[in-house]
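One file, model-v4.cif, carrying mmCIF, C-alpha atoms:
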data_work
loop_
_atom_site.label_atom_id
_atom_site.label_comp_id
_atom_site.auth_asym_id
_atom_site.auth_seq_id
_atom_site.Cartn_x
_atom_site.Cartn_y
_atom_site.Cartn_z
CA MET A 753 43.63 -19.94 10.18
CA ASN A 754 46.61 -20.11 12.54
CA PHE A 755 48.84 -18.62 9.85
CA THR A 756 46.40 -15.76 9.32
CA LYS A 757 46.35 -14.98 13.04
CA ILE A 758 50.14 -15.05 13.23
CA ALA A 759 50.48 -12.79 10.18
CA LEU A 760 47.90 -10.37 11.59
CA ALA A 761 49.69 -10.27 14.95
CA ALA A 762 53.01 -9.60 13.21
CA ALA A 763 51.48 -6.79 11.18
CA VAL A 764 49.99 -5.20 14.29
CA THR A 765 53.34 -5.46 16.05
CA LEU A 766 55.10 -3.83 13.08
CA VAL A 767 52.61 -0.95 12.95
CA ALA A 768 52.90 -0.44 16.69
CA ALA A 769 56.69 -0.41 16.52
CA GLN A 770 56.61 2.14 13.71
CA ALA A 771 54.06 4.28 15.58
CA GLN A 772 56.35 4.32 18.61
CA ALA A 773 59.40 5.41 16.62
CA ALA A 774 61.07 8.36 18.28
CA THR A 775 61.59 11.94 17.21
CA VAL A 776 64.97 13.43 18.11
CA TYR A 777 65.17 17.17 18.86
CA LEU A 778 68.33 19.08 17.94
CA ALA A 779 69.31 22.74 18.20
CA GLY A 780 72.48 24.61 17.21
CA ALA A 781 74.12 25.98 14.08
CA SER A 782 71.99 27.43 11.31
CA ALA A 783 74.94 27.81 8.90
CA THR A 784 75.01 24.12 8.03
CA SER A 785 71.30 23.43 8.46
CA ALA A 786 70.54 22.86 4.77
CA ASN A 787 73.12 20.10 4.84
CA TYR A 788 71.41 18.39 7.80
CA ARG A 789 68.28 18.07 5.68
CA SER A 790 70.30 16.60 2.82
CA ALA A 791 72.02 14.10 5.09
CA LEU A 792 68.78 12.93 6.71
CA THR A 793 67.07 12.61 3.34
CA THR A 794 69.93 10.37 2.24
CA LEU A 795 69.61 8.30 5.42
CA CYS A 796 65.88 7.93 4.81
CA THR A 797 66.10 6.91 1.15
CA SER A 798 68.95 4.52 2.01
CA ALA A 799 66.47 2.75 4.28
CA GLY A 800 63.95 2.53 1.44
CA GLY A 801 61.80 5.26 2.91
CA THR A 802 60.36 8.55 1.69
CA ALA A 803 61.55 11.73 3.40
CA THR A 804 59.23 14.64 4.13
CA THR A 805 60.65 18.02 5.07
CA ILE A 806 58.42 19.98 7.44
CA THR A 807 59.10 23.70 7.86
CA ASN A 808 57.39 26.17 10.14
CA THR A 809 55.66 28.83 8.08
CA THR A 810 56.48 31.63 10.52
CA ASP A 811 60.14 30.84 11.21
CA THR A 812 62.07 28.69 8.72
CA ASN A 813 64.74 28.09 11.38
CA LEU A 814 62.31 25.52 12.81
CA PHE A 815 62.11 22.47 10.56
CA ALA A 816 62.07 18.69 10.62
CA VAL A 817 62.76 15.70 8.41
CA LYS A 818 60.34 12.82 8.82
CA CYS A 819 60.96 9.42 7.23
CA SER A 820 58.30 6.86 6.32
CA LYS A 821 60.66 4.27 7.85
CA ASN A 822 63.35 4.43 10.48
CA PHE A 823 66.45 6.21 9.22
CA SER A 824 69.21 3.92 8.04
CA GLY A 825 71.35 2.87 11.00
CA LEU A 826 69.06 4.62 13.49
CA ALA A 827 66.79 1.96 14.95
CA GLY A 828 63.59 3.38 16.36
CA ILE A 829 64.14 6.93 15.01
CA ASP A 830 61.98 8.15 12.14
CA ALA A 831 62.02 11.94 12.59
CA VAL A 832 64.45 14.68 13.57
CA SER A 833 63.19 18.14 14.48
CA PHE A 834 65.52 21.15 14.53
CA ASN A 835 65.41 24.63 16.04
CA VAL A 836 68.42 26.62 14.79
CA ALA A 837 66.92 30.06 15.40
CA GLY A 838 69.29 30.87 18.25
CA GLY A 839 72.46 29.65 16.56
CA SER A 840 75.24 27.29 17.57
CA PHE A 841 75.22 28.03 21.28
CA THR A 842 71.72 26.60 21.67
CA ALA A 843 73.12 23.12 20.96
CA ILE A 844 74.52 23.22 24.50
CA SER A 845 72.35 25.82 26.26
CA THR A 846 69.11 23.91 25.56
CA SER A 847 70.57 20.48 26.31
CA ALA A 848 73.34 20.69 28.94
CA GLY A 849 72.09 24.07 30.13
CA THR A 850 68.83 25.19 31.69
CA GLN A 851 67.24 26.79 28.64
CA THR A 852 64.40 25.27 26.62
CA THR A 853 62.95 25.97 23.20
CA GLN A 854 60.13 24.90 20.87
CA PHE A 855 60.30 22.60 17.86
CA VAL A 856 58.13 21.67 14.92
CA ASP A 857 55.72 18.92 15.96
CA VAL A 858 56.20 16.26 13.27
CA ALA A 859 52.64 15.02 13.72
CA ASP A 860 51.54 18.08 11.71
CA THR A 861 53.27 18.09 8.32
CA SER A 862 52.14 21.67 7.66
CA GLY A 863 54.77 22.84 10.16
CA ASN A 864 52.27 25.10 11.91
CA THR A 865 52.15 23.13 15.16
CA LEU A 866 54.97 23.51 17.66
CA THR A 867 55.85 21.45 20.69
CA ALA A 868 55.74 22.88 24.17
CA ALA A 869 59.05 24.41 25.23
CA ARG A 870 61.41 21.50 25.84
CA LYS A 871 65.04 20.46 26.04
CA SER A 872 67.07 19.60 22.96
CA GLU A 873 69.30 16.55 22.68
CA GLY A 874 72.35 18.42 21.41
CA GLY A 875 73.33 19.57 17.93
CA PHE A 876 76.09 20.98 15.76
CA LEU A 877 78.13 24.13 16.39
CA ASP A 878 80.14 26.15 13.87
CA ILE A 879 82.96 26.45 16.37
CA ASP A 880 83.92 25.19 19.84
CA ALA A 881 81.61 25.92 22.76
CA ALA A 882 84.48 27.76 24.47
CA ALA A 883 84.25 30.43 21.75
CA PHE A 884 81.08 31.91 23.21
CA PRO A 885 81.00 34.71 25.78
CA ALA A 886 81.14 33.72 29.45
CA ALA A 887 77.96 35.73 29.98
CA GLU A 888 76.08 33.32 27.69
CA LEU A 889 77.31 30.33 29.69
CA THR A 890 76.14 31.95 32.92
CA ALA A 891 72.73 32.77 31.42
CA ALA A 892 72.36 29.12 30.44
CA GLY A 893 73.22 27.90 33.94
CA LEU A 894 76.57 26.47 32.86
CA ALA A 895 79.69 26.88 35.00
CA GLN A 896 81.85 26.13 31.97
CA ALA A 897 81.52 25.17 28.34
CA PRO A 898 80.95 21.44 27.87
CA ALA A 899 83.50 19.65 25.73
CA THR A 900 82.50 19.30 22.10
CA GLN A 901 83.89 16.91 19.51
CA ALA A 902 85.27 17.86 16.13
CA ALA A 903 82.92 16.92 13.32
CA SER A 904 84.31 15.38 10.15
CA PHE A 905 83.43 18.44 8.03
CA SER A 906 84.33 22.11 7.96
CA GLN A 907 82.32 25.25 7.16
CA VAL A 908 83.63 28.11 5.04
CA PHE A 909 82.59 31.70 5.82
CA GLY A 910 82.82 34.91 3.82
CA VAL A 911 82.40 38.66 4.04
CA ALA A 912 79.27 39.84 2.24
CA VAL A 913 78.45 43.45 1.35
CA SER A 914 75.39 45.37 0.24
CA PRO A 915 74.83 46.10 -3.47
CA ALA A 916 75.84 49.76 -3.08
CA LEU A 917 79.06 48.89 -1.27
CA TYR A 918 79.92 46.17 -3.79
CA THR A 919 79.80 48.46 -6.82
CA ALA A 920 81.50 51.29 -4.89
CA LEU A 921 84.38 48.96 -3.97
CA GLN A 922 84.64 47.74 -7.56
CA SER A 923 84.92 51.33 -8.74
CA ALA A 924 87.42 52.32 -6.04
CA GLN A 925 89.59 49.30 -6.84
CA GLY A 926 89.52 49.88 -10.62
CA ILE A 927 87.86 46.59 -11.52
CA ALA A 928 87.01 46.72 -15.22
CA GLY A 929 83.75 45.24 -16.51
CA ALA A 930 82.28 45.65 -13.05
CA GLY A 931 78.66 45.58 -11.99
CA LEU A 932 76.35 43.81 -9.59
CA ASP A 933 76.27 40.63 -11.65
CA ALA A 934 80.05 40.49 -12.05
CA ILE A 935 80.49 38.28 -9.01
CA ASP A 936 83.04 35.77 -10.28
CA PRO A 937 86.43 35.89 -8.48
CA ALA A 938 88.03 38.06 -11.15
CA HIS A 939 85.48 40.84 -10.58
CA GLN A 940 85.07 40.66 -6.81
CA PRO A 941 86.57 43.60 -4.91
CA SER A 942 88.63 42.87 -1.82
CA ILE A 943 88.73 43.84 1.82
CA THR A 944 91.65 43.17 4.15
CA LYS A 945 91.45 41.37 7.44
CA ALA A 946 92.70 44.52 9.19
CA GLN A 947 90.01 46.70 7.57
CA TYR A 948 87.21 44.38 8.58
CA ALA A 949 88.61 43.97 12.10
CA SER A 950 88.67 47.74 12.57
CA ILE A 951 85.11 48.06 11.33
CA VAL A 952 83.65 45.37 13.60
CA SER A 953 85.75 45.92 16.72
CA ASP A 954 84.27 47.58 19.79
CA SER A 955 86.89 50.34 19.86
CA PHE A 956 85.78 53.76 18.68
CA ASN A 957 88.04 54.44 15.70
CA THR A 958 88.19 56.00 12.25
CA ALA A 959 86.11 53.17 10.81
CA LYS A 960 83.14 54.39 12.84
CA GLN A 961 83.43 57.94 11.53
CA ASP A 962 84.82 57.97 8.02
CA ILE A 963 84.02 55.26 5.47
CA THR A 964 86.26 57.00 2.96
CA ALA A 965 89.31 56.66 5.18
CA ILE A 966 88.75 52.97 5.87
CA LEU A 967 87.39 51.70 2.51
CA ASN A 968 88.02 54.56 0.07
CA VAL A 969 84.36 54.79 -0.94
CA GLY A 970 81.60 57.32 -0.45
CA THR A 971 81.98 60.52 1.46
CA ALA A 972 83.14 61.09 5.01
CA GLY A 973 80.10 60.76 7.26
CA ASP A 974 78.22 58.29 5.05
CA LYS A 975 76.66 55.55 7.17
CA LEU A 976 78.33 52.14 7.30
CA THR A 977 76.15 49.38 8.78
CA VAL A 978 77.46 46.15 10.29
CA CYS A 979 74.96 43.31 9.83
CA ARG A 980 75.89 40.85 12.55
CA ARG A 981 74.37 37.95 14.40
CA VAL A 982 73.58 37.68 18.09
CA SER A 983 76.27 36.43 20.47
CA THR A 984 74.84 32.89 20.56
CA SER A 985 75.46 32.52 16.81
CA GLY A 986 78.28 30.28 15.64
CA THR A 987 78.70 32.47 12.58
CA GLN A 988 79.24 35.43 14.88
CA ALA A 989 81.63 33.48 17.12
CA SER A 990 83.56 32.39 14.01
CA SER A 991 83.80 36.01 12.85
CA ASN A 992 84.97 37.08 16.31
CA GLN A 993 87.60 34.36 16.29
CA PHE A 994 88.93 34.97 12.79
CA PHE A 995 89.00 38.77 12.79
CA LEU A 996 89.30 39.62 16.49
CA ASN A 997 91.20 36.67 17.96
CA GLY A 998 88.01 36.05 19.87
CA TYR A 999 88.49 33.19 22.27
CA ILE A 1000 92.05 31.99 21.92
CA GLY A 1001 93.66 35.42 21.87
CA GLY A 1002 97.07 33.79 21.66
CA ASP A 1003 96.93 32.55 25.26
CA GLY A 1004 93.33 33.27 26.15
CA ALA A 1005 91.53 36.56 26.60
CA ALA A 1006 94.69 38.25 27.93
CA GLY A 1007 96.59 37.33 24.78
CA GLY A 1008 95.07 39.76 22.34
CA ALA A 1009 91.34 39.16 22.06
CA VAL A 1010 89.34 42.19 20.87
CA SER A 1011 85.68 42.70 21.75
CA PRO A 1012 83.21 43.00 18.88
CA ALA A 1013 80.94 45.98 18.33
CA ASP A 1014 77.35 45.15 19.20
CA ALA A 1015 73.95 46.80 18.94
CA ALA A 1016 73.88 47.66 22.64
CA ASN A 1017 76.77 50.06 22.14
CA TYR A 1018 76.67 50.88 18.45
CA ALA A 1019 73.14 50.75 17.08
CA SER A 1020 72.61 54.30 15.88
CA ALA A 1021 69.67 54.71 18.24
CA ASN A 1022 71.97 53.90 21.17
CA SER A 1023 75.22 55.56 20.12
CA GLY A 1024 73.87 58.68 18.42
CA LEU A 1025 76.28 58.08 15.52
CA THR A 1026 75.01 58.82 12.04
CA SER A 1027 78.11 57.38 10.38
CA TYR A 1028 78.04 53.89 11.89
CA ASP A 1029 75.32 51.42 12.84
CA VAL A 1030 75.20 47.84 14.12
CA GLN A 1031 72.16 45.65 13.48
CA GLU A 1032 71.85 42.24 15.14
CA GLY A 1033 69.65 39.36 14.07
CA ALA A 1034 68.99 35.92 15.52
CA GLY A 1035 69.12 34.04 12.23
CA THR A 1036 71.05 33.99 8.98
CA GLY A 1037 67.99 35.34 7.19
CA ASN A 1038 68.13 38.50 9.33
CA ALA A 1039 71.71 39.13 8.24
CA ARG A 1040 70.87 38.51 4.57
CA THR A 1041 67.98 40.98 4.74
CA CYS A 1042 70.18 43.61 6.40
CA LEU A 1043 72.87 43.13 3.75
CA SER A 1044 70.35 43.44 0.93
CA ALA A 1045 69.14 46.89 1.96
CA ALA A 1046 70.10 50.22 0.43
CA GLY A 1047 73.26 51.94 1.61
CA TYR A 1048 76.66 50.67 2.66
CA ALA A 1049 76.61 47.51 4.75
CA LEU A 1050 78.77 44.45 5.40
CA GLY A 1051 78.76 41.31 7.51
CA VAL A 1052 79.67 37.62 7.64
CA LEU A 1053 77.69 34.75 6.15
CA SER A 1054 78.41 31.04 5.80
CA LEU A 1055 79.11 30.12 2.20
CA GLU A 1056 76.17 27.77 1.90
CA ASN A 1057 74.34 31.10 1.33
CA TYR A 1058 74.42 32.48 -2.17
CA PRO A 1059 73.29 35.73 -3.83
CA ASP A 1060 70.83 36.11 -6.70
CA LEU A 1061 71.77 37.72 -10.00
CA THR A 1062 69.66 40.71 -10.98
CA THR A 1063 68.55 38.67 -14.01
CA ARG A 1064 67.14 35.83 -11.90
CA SER A 1065 63.87 34.53 -13.28
CA GLY A 1066 61.13 36.10 -11.20
CA GLY A 1067 63.52 38.74 -9.89
CA GLN A 1068 65.96 38.79 -7.03
CA ARG A 1069 64.66 37.60 -3.71
CA ALA A 1070 64.51 40.37 -1.13
CA ASP A 1071 67.24 38.84 1.03
CA ARG A 1072 69.60 37.73 -1.76
CA LYS A 1073 70.81 41.06 -3.20
CA TRP A 1074 74.15 41.17 -1.34
CA ARG A 1075 77.52 40.08 -2.79
CA TYR A 1076 80.64 38.35 -1.49
CA VAL A 1077 84.02 40.09 -1.56
CA LYS A 1078 87.54 38.68 -1.35
CA ILE A 1079 89.54 38.71 1.86
CA ALA A 1080 93.06 40.04 1.27
CA GLY A 1081 92.73 39.31 -2.44
CA ILE A 1082 91.60 35.68 -2.07
CA ALA A 1083 88.08 34.70 -3.14
CA ALA A 1084 86.13 31.82 -1.71
CA TYR A 1085 82.80 32.31 -3.48
CA ASP A 1086 82.97 30.84 -6.99
CA GLY A 1087 79.33 30.47 -7.96
CA PRO A 1088 77.51 31.54 -11.13
CA SER A 1089 77.72 35.12 -12.36
CA ALA A 1090 77.19 37.04 -15.58
CA ALA A 1091 80.83 36.37 -16.44
CA SER A 1092 80.61 32.64 -15.62
CA PRO A 1093 76.92 31.67 -15.75
CA SER A 1094 77.61 27.93 -15.91
CA SER A 1095 79.93 27.79 -12.92
CA THR A 1096 79.44 24.76 -10.72
CA GLY A 1097 81.80 25.88 -8.00
CA LYS A 1098 81.14 24.89 -4.40
CA SER A 1099 83.07 27.76 -2.74
CA THR A 1100 85.49 25.40 -1.03
CA ASP A 1101 88.39 25.09 -3.48
CA THR A 1102 90.58 27.92 -2.15
CA ALA A 1103 89.96 26.82 1.44
CA LYS A 1104 90.95 23.25 0.66
CA ALA A 1105 94.03 24.54 -1.15
CA GLY A 1106 95.16 26.43 1.95
CA GLN A 1107 94.81 29.84 0.30
CA TYR A 1108 91.61 31.05 2.00
CA GLU A 1109 91.65 30.64 5.77
CA PHE A 1110 88.22 31.81 6.97
CA TRP A 1111 86.87 28.36 7.79
CA PHE A 1112 86.52 26.26 10.90
CA THR A 1113 85.95 22.60 11.67
CA SER A 1114 82.36 22.16 12.82
CA GLN A 1115 81.74 20.74 16.28
CA LYS A 1116 79.15 18.29 17.54
CA TYR A 1117 77.56 17.74 20.92
CA GLY A 1118 75.22 14.91 21.84
CA HIS A 1119 73.43 15.07 25.18
CA THR A 1120 71.34 11.91 24.92
CA ALA A 1121 71.98 8.51 23.38
CA ASN A 1122 69.52 9.18 20.55
CA GLY A 1123 70.85 12.69 20.04
CA THR A 1124 74.41 11.40 19.82
CA ALA A 1125 73.38 8.66 17.38
CA VAL A 1126 71.62 11.07 15.01
CA ILE A 1127 74.43 13.64 15.16
CA ASN A 1128 77.03 10.97 14.39
CA ALA A 1129 74.93 9.63 11.50
CA ILE A 1130 74.63 13.11 9.96
CA ASP A 1131 78.34 13.69 10.52
CA ASP A 1132 79.25 10.41 8.80
CA THR A 1133 77.06 11.31 5.83
CA LEU A 1134 78.75 14.70 5.40
CA SER A 1135 82.31 13.46 6.00
CA THR A 1136 83.25 12.90 2.37
CA LEU A 1137 81.05 15.48 0.65
CA ASN A 1138 81.89 18.74 -1.09
CA LEU A 1139 78.79 20.90 -0.74
CA SER A 1140 78.16 24.62 -1.03
CA GLY A 1141 80.50 26.13 1.55
CA LEU A 1142 81.10 22.84 3.33
CA PHE A 1143 83.71 20.15 2.77
CA GLY A 1144 84.49 16.78 4.31
CA ASN A 1145 87.83 17.08 6.07
CA SER A 1146 89.04 13.91 4.37
CA THR A 1147 88.70 15.66 1.00
CA SER A 1148 90.98 18.59 1.89
CA ALA A 1149 94.74 18.98 1.70
CA ALA A 1150 94.50 21.91 4.11
CA GLN A 1151 93.81 20.88 7.70
CA ARG A 1152 93.52 22.27 11.22
CA LEU A 1153 94.59 20.34 14.30
CA SER A 1154 91.85 22.26 16.09
CA ASN A 1155 90.00 25.54 15.73
CA THR A 1156 92.74 27.21 17.76
CA SER A 1157 95.47 26.14 15.34
CA PRO A 1158 96.54 27.63 12.00
CA VAL A 1159 95.87 26.00 8.66
CA PHE A 1160 98.53 23.50 7.63
CA PHE A 1161 98.98 20.76 5.03
CA ASN A 1162 98.67 17.18 6.10
#
Reformat the file's structure so that it appears as structure tokens.
Amino acid sequence: MNFTKIALAAAVTLVAAQAQAATVYLAGASATSANYRSALTTLCTSAGGTATTITNTTDTNLFAVKCSKNFSGLAGIDAVSFNVAGGSFTAISTSAGTQTTQFVDVADTSGNTLTAARKSEGGFLDIDAAAFPAAELTAAGLAQAPATQAASFSQVFGVAVSPALYTALQSAQGIAGAGLDAIDPAHQPSITKAQYASIVSDSFNTAKQDITAILNVGTAGDKLTVCRRVSTSGTQASSNQFFLNGYIGGDGAAGGAVSPADAANYASANSGLTSYDVQEGAGTGNARTCLSAAGYALGVLSLENYPDLTTRSGGQRADRKWRYVKIAGIAAYDGPSAASPSSTGKSTDTAKAGQYEFWFTSQKYGHTANGTAVINAIDDTLSTLNLSGLFGNSTSAAQRLSNTSPVFFN
């Protein structure tokens, strides 16, 4: 009888402890968000648990991973809920700053229930917090950008173009055997860093008036649309840094930084231009949709995103019709195409070889003890992996001392 009472008490204590397990709330980068899910699933199964992914049906940028046990190495934590709708900057603005946001409530596995607006506990950023505009810091009640730490993995980015621009560039550049499904490196057209910088800079130049002069396609006056992210996006900050010398500018803003074109100044409805348009979206999905539309368009995506072939079973998804192009003749994207349907490329090889330089070391910021613990656990899980568009720094010959330094070989 005594044994039964003791066993029952132990069972009750165990159930109570599990019921009290904490949920950690993280914001930040959407570019690497699929990899957070993978890492947490690994941490759950390593603990002998079963992982359940919960995604909001209205906005897929709000999701959670819930484990039937505590995650491996994370005592008392059995769920992590993310809101990556606002991009990298929200990792600091909703934790160290004054802003709040909503998250998926893990008590409802349908994903339809959200928490009240609340603070996050940190998150990952595609690039350093100092890369974001001062106006965003002020809006978040921050006098300066909090210090972030380098993560142990890096994210590769690429220039994506609309279907019409892809085939037009192939034709203009004399690429034989071209077509929308010829997306292997040998058939990808190329754009230079200078061309893209001119197109996305704030200065009013030829790129805003004559697509033929800048890209040798179409007819003068044809509309060219830039599909960009909002200024809190790490993908956008990474684009600003790589193409426009965004936040280092040699020696800071006075050292050569160029402002990016935005919708406030260059959306056709605001500028009156019929030859140039800027569309901004909060999430990666907005940029993919913009890039998949008819007409000439281009923008930056993280290389965990991939396009659909026109022959995809069930048809192309509405936001996967775009294509990647090379930058200055160097391709990063190496996924399946009509020419190489069995490719198992991860779109990191040329970056790791020091040939393709549009990548940055991800950053992490923990604002609470639990937030820091979860972020470090995810980081450790991703540190040696080679995923789509993401590589563990320890796996790469090419390195950066920081995101303000050039690529070098260790």
Reference answer for the PyMOL selection byres ((chain A and resi 943-954) around 7), as a list of chain:residue names: A:Ser942, A:Ser955, A:Phe956, A:Ala959, A:Lys960, A:Ile966, A:Phe995, A:Leu996, A:Val1010, A:Ser1011, A:Pro1012, A:Ala1013, A:Val1077, A:Lys1078, A:Ile1079, A:Ala1080
Mind dumping the selected residues with C-alpha atoms as a tab-separated table (two decimals), in the frame of the given file?
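That gives us out09.tsv:
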chain	number	residue	atom	x	y	z
A	942	SER	CA	88.63	42.87	-1.82
A	955	SER	CA	86.89	50.34	19.86
A	956	PHE	CA	85.78	53.76	18.68
A	959	ALA	CA	86.11	53.17	10.81
A	960	LYS	CA	83.14	54.39	12.84
A	966	ILE	CA	88.75	52.97	5.87
A	995	PHE	CA	89.00	38.77	12.79
A	996	LEU	CA	89.30	39.62	16.49
A	1010	VAL	CA	89.34	42.19	20.87
A	1011	SER	CA	85.68	42.70	21.75
A	1012	PRO	CA	83.21	43.00	18.88
A	1013	ALA	CA	80.94	45.98	18.33
A	1077	VAL	CA	84.02	40.09	-1.56
A	1078	LYS	CA	87.54	38.68	-1.35
A	1079	ILE	CA	89.54	38.71	1.86
A	1080	ALA	CA	93.06	40.04	1.27
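Taking CA of Asp1086 in chain A and CA of Leu1055 in chain A as endpoints, the distance between them is 10.0 Å.
Using the PyMOL selection byres ((chain A and resi 923) around 12) on the file at hand returns these residues: A:Ala916, A:Leu917, A:Tyr918, A:Thr919, A:Ala920, A:Leu921, A:Gln922, A:Ala924, A:Gln925, A:Gly926, A:Ile927, A:Ala928, A:Gly929, A:Ala930, A:Gly931, A:Leu932, A:His939, A:Gln940, A:Pro941, A:Ser942, A:Leu967, A:Asn968, A:Val969, A:Gly970.
Using all atoms listed in the file for every distance, the candidate list A:Thr1063, A:Ser1054, A:Thr804, A:Ser798 yields A:Ser1054 as the residue closest to Ser985 in chain A.
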Selected residue, from A:Pro885, A:Gly910, A:Gly986, A:Pro1158, that lies nearest to Ala897 in chain A when counting all atoms listed in the file: A:Pro885
Residue contacts of Leu1025 in chain A (10 Å, only C-alpha atoms) excluding same-chain residues fewer than 6 positions away, as a PyMOL selection string: chain A and resi 960-961+973+975+1018-1019
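Remark: for Ala1103 in chain A, the closest of the candidate residues A:Ser906, A:Ser1020, A:Thr1036, A:Ser1044 is A:Ser906 (distances computed over all atoms listed in the file).
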Selection result of the PyMOL selection byres ((chain A and resi 841) around 7) on this file, as a ChimeraX atom specification: /A:780,839-840,842-845,877,881,984-986
Applying 9 Å and only C-alpha atoms, which residues near Val982 in chain A remain after dropping the ones on its own chain fewer than 3 positions away? List them as a short mmCIF file (atom, residue, chain, number, x, y, z; two decimals) with C-alpha atoms, keeping the file's coordinate frame.
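For reference, out_36.cif as written:
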data_model
loop_
_atom_site.label_atom_id
_atom_site.label_comp_id
_atom_site.auth_asym_id
_atom_site.auth_seq_id
_atom_site.Cartn_x
_atom_site.Cartn_y
_atom_site.Cartn_z
CA GLY A 838 69.29 30.87 18.25
CA GLY A 839 72.46 29.65 16.56
CA SER A 985 75.46 32.52 16.81
CA GLN A 988 79.24 35.43 14.88
CA ASP A 1014 77.35 45.15 19.20
CA GLU A 1032 71.85 42.24 15.14
CA GLY A 1033 69.65 39.36 14.07
CA ALA A 1034 68.99 35.92 15.52
CA GLY A 1035 69.12 34.04 12.23
#
Nearby residues (only C-alpha atoms) at most 7 Å from Cys819 in chain A, same-chain spacing under 4 positions excluded, as a ChimeraX atom specification: /A:796,801-804,823,830-831
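Note that CA of Asn1138 in chain A and CA of Trp1074 in chain A are 23.7 Å apart.
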Coordinates-based distance that separates CA of Gly1081 in chain A from CA of Gly1047 in chain A (Å, one decimal): 23.6 Å
